[in-house]
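Below is one structure, written out as C-alpha coordinates, with a few remarks after it.
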Amino acid sequence: MTRSLLLAAGSAALALLGAAPATAVAAPADPAPVTTCGYGGLQSGLWTKVCGTVYGGTVTLTGQISLAGPPSPGSPAPQPQQLSTTLTAYQGTQQLGQAQQGVVFTASTVQTNPLTVNASCGSTVHAVFSVSSYPWYNTPVTVDLPTTC
(Lines give C-alpha, C1' and ligand atoms only; values in the text may rest on other atoms or scores of the structure.)
Protein backbone atom coordinates (compact mmCIF):
# COMPACT_ATOMS: atom_id res chain seq x y z
CA MET A 1 0.00 0.00 0.00
CA THR A 2 2.83 2.39 0.67
CA ARG A 3 4.15 1.72 -2.79
CA SER A 4 0.94 2.80 -4.48
CA LEU A 5 0.77 5.79 -2.16
CA LEU A 6 4.27 6.84 -3.23
CA LEU A 7 3.38 6.42 -6.92
CA ALA A 8 0.24 8.51 -6.47
CA ALA A 9 2.14 11.24 -4.64
CA GLY A 10 4.87 11.27 -7.30
CA SER A 11 2.26 11.50 -10.08
CA ALA A 12 0.49 14.35 -8.30
CA ALA A 13 3.78 16.23 -7.89
CA LEU A 14 4.61 15.83 -11.57
CA ALA A 15 1.14 17.01 -12.53
CA LEU A 16 1.51 20.12 -10.36
CA LEU A 17 4.95 20.82 -11.81
CA GLY A 18 3.56 20.70 -15.35
CA ALA A 19 0.64 22.96 -14.43
CA ALA A 20 2.75 25.56 -12.65
CA PRO A 21 3.15 28.82 -14.60
CA ALA A 22 6.58 29.70 -15.88
CA THR A 23 8.17 32.31 -13.67
CA ALA A 24 11.24 33.14 -15.75
CA VAL A 25 10.64 35.93 -18.25
CA ALA A 26 12.94 36.19 -21.25
CA ALA A 27 14.61 39.55 -21.64
CA PRO A 28 13.58 41.43 -24.79
CA ALA A 29 16.03 40.91 -27.61
CA ASP A 30 18.02 43.88 -28.86
CA PRO A 31 16.61 45.23 -32.11
CA ALA A 32 18.47 44.00 -35.17
CA PRO A 33 20.47 46.61 -37.09
CA VAL A 34 18.48 48.05 -39.99
CA THR A 35 20.23 49.50 -43.06
CA THR A 36 18.39 51.98 -45.27
CA CYS A 37 19.59 53.87 -48.34
CA GLY A 38 18.11 57.07 -49.71
CA TYR A 39 17.34 57.74 -53.34
CA GLY A 40 20.40 58.17 -55.53
CA GLY A 41 21.20 61.30 -57.44
CA LEU A 42 23.68 62.79 -59.89
CA GLN A 43 26.47 64.90 -58.40
CA SER A 44 29.62 65.97 -60.19
CA GLY A 45 28.65 63.74 -63.11
CA LEU A 46 28.56 60.64 -60.84
CA TRP A 47 25.80 58.58 -59.20
CA THR A 48 25.70 59.08 -55.43
CA LYS A 49 23.61 57.87 -52.51
CA VAL A 50 23.72 57.90 -48.71
CA CYS A 51 23.00 54.87 -46.51
CA GLY A 52 22.61 54.48 -42.78
CA THR A 53 22.50 51.58 -40.35
CA VAL A 54 20.41 52.09 -37.22
CA TYR A 55 21.08 50.05 -34.10
CA GLY A 56 19.03 51.41 -31.24
CA GLY A 57 20.02 55.05 -30.87
CA THR A 58 23.30 54.65 -32.80
CA VAL A 59 23.36 55.50 -36.51
CA THR A 60 26.30 54.78 -38.82
CA LEU A 61 26.26 56.63 -42.16
CA THR A 62 28.23 56.14 -45.38
CA GLY A 63 28.18 57.87 -48.73
CA GLN A 64 28.55 55.89 -51.96
CA ILE A 65 29.89 57.13 -55.29
CA SER A 66 29.73 55.21 -58.57
CA LEU A 67 29.56 55.73 -62.32
CA ALA A 68 26.26 57.15 -63.53
CA GLY A 69 26.13 54.47 -66.21
CA PRO A 70 28.31 52.03 -68.08
CA PRO A 71 31.09 53.51 -70.21
CA SER A 72 30.45 53.59 -73.95
CA PRO A 73 32.00 50.66 -75.82
CA GLY A 74 35.49 51.49 -77.04
CA SER A 75 35.79 54.60 -74.88
CA PRO A 76 38.96 55.13 -72.84
CA ALA A 77 38.94 54.41 -69.13
CA PRO A 78 37.70 57.34 -67.04
CA GLN A 79 40.38 59.68 -65.74
CA PRO A 80 40.82 59.76 -61.96
CA GLN A 81 38.71 62.52 -60.48
CA GLN A 82 39.47 64.32 -57.20
CA LEU A 83 36.25 64.72 -55.21
CA SER A 84 35.37 66.54 -52.01
CA THR A 85 32.67 64.81 -49.97
CA THR A 86 30.66 65.98 -46.98
CA LEU A 87 28.47 63.69 -44.88
CA THR A 88 26.30 65.41 -42.26
CA ALA A 89 23.79 64.07 -39.72
CA TYR A 90 21.00 66.10 -38.12
CA GLN A 91 18.38 65.45 -35.47
CA GLY A 92 15.80 68.12 -36.12
CA THR A 93 17.82 71.31 -36.55
CA GLN A 94 20.71 70.09 -34.36
CA GLN A 95 23.80 68.88 -36.20
CA LEU A 96 24.95 65.57 -34.68
CA GLY A 97 28.14 65.23 -36.69
CA GLN A 98 29.91 65.92 -39.96
CA ALA A 99 32.69 64.18 -41.88
CA GLN A 100 34.56 65.70 -44.81
CA GLN A 101 36.79 63.56 -46.99
CA GLY A 102 38.78 63.86 -50.17
CA VAL A 103 38.25 60.90 -52.49
CA VAL A 104 39.92 59.92 -55.76
CA PHE A 105 37.35 58.26 -58.00
CA THR A 106 38.29 56.20 -61.05
CA ALA A 107 35.66 53.72 -62.20
CA SER A 108 34.73 51.45 -59.30
CA THR A 109 32.26 52.25 -56.53
CA VAL A 110 33.75 54.10 -53.56
CA GLN A 111 32.35 54.31 -50.03
CA THR A 112 33.27 57.17 -47.73
CA ASN A 113 34.58 56.59 -44.23
CA PRO A 114 31.64 55.96 -41.89
CA LEU A 115 30.20 58.65 -39.66
CA THR A 116 28.67 57.29 -36.43
CA VAL A 117 26.34 59.44 -34.32
CA ASN A 118 24.08 58.91 -31.31
CA ALA A 119 20.50 60.13 -31.42
CA SER A 120 17.62 60.30 -28.95
CA CYS A 121 15.36 57.27 -28.86
CA GLY A 122 12.33 57.69 -31.08
CA SER A 123 13.86 60.54 -33.09
CA THR A 124 14.72 60.70 -36.78
CA VAL A 125 18.24 61.24 -38.08
CA HIS A 126 18.38 63.20 -41.34
CA ALA A 127 21.58 62.45 -43.30
CA VAL A 128 22.90 64.63 -46.13
CA PHE A 129 25.68 63.55 -48.52
CA SER A 130 27.23 65.98 -51.00
CA VAL A 131 29.99 65.48 -53.56
CA SER A 132 31.71 68.29 -55.43
CA SER A 133 34.41 68.55 -58.07
CA TYR A 134 35.29 71.55 -60.21
CA PRO A 135 33.45 72.51 -62.50
CA TRP A 136 30.51 70.35 -61.39
CA TYR A 137 28.00 71.51 -58.78
CA ASN A 138 26.72 69.34 -55.98
CA THR A 139 23.16 68.19 -55.50
CA PRO A 140 23.07 66.56 -52.06
CA VAL A 141 21.27 63.27 -51.54
CA THR A 142 19.47 62.53 -48.27
CA VAL A 143 17.92 59.78 -46.17
CA ASP A 144 15.77 59.91 -43.03
CA LEU A 145 16.42 57.17 -40.43
CA PRO A 146 14.06 56.63 -37.48
CA THR A 147 15.78 55.43 -34.30
CA THR A 148 14.29 52.77 -32.05
CA CYS A 149 15.60 51.94 -28.60
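In the C-alpha coordinates, chains take letters A, B, ... by order of appearance, with residues numbered from 1 within each chain and ligands from 1 in the order shown.
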
Would you mind listing, for every residue of region 89-117 of chain A within 10 Å of region 50-61 of chain A, the two atoms forming the shortest contact and the distance between them in Å to one decimal, using only C-alpha atoms, sorted by chain and ascending residue number, as CSV?
```
residue,atom,partner,partner_atom,distance
A:Ala89,CA,A:Leu61,CA,8.2
A:Ala99,CA,A:Leu61,CA,9.9
A:Gln111,CA,A:Val50,CA,9.4
A:Thr112,CA,A:Leu61,CA,9.0
A:Asn113,CA,A:Leu61,CA,8.6
A:Pro114,CA,A:Leu61,CA,5.4
A:Leu115,CA,A:Leu61,CA,5.1
A:Thr116,CA,A:Thr60,CA,4.2
A:Val117,CA,A:Val59,CA,5.4
```

Check your understanding: Using only C-alpha atoms, which of A:Pro71, A:Ala107, A:Ala127, A:Gln64 sits nearest Gln95 (chain A)?
Key ->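 Answer, going by the shortest atom-to-atom distance: A:Ala127.
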
Study note, to complete from the structure: Taken to one decimal, the CA of Val34 (chain A)-CA of Ser108 (chain A) distance is 25.5 Å

Point to revise | Residues within 9 Å of region 82-86 of chain A, only C-alpha atoms, excluding chain neighbours under 5 positions, as a ChimeraX atom specification | key: /A:44,63,98-105,112,128-134
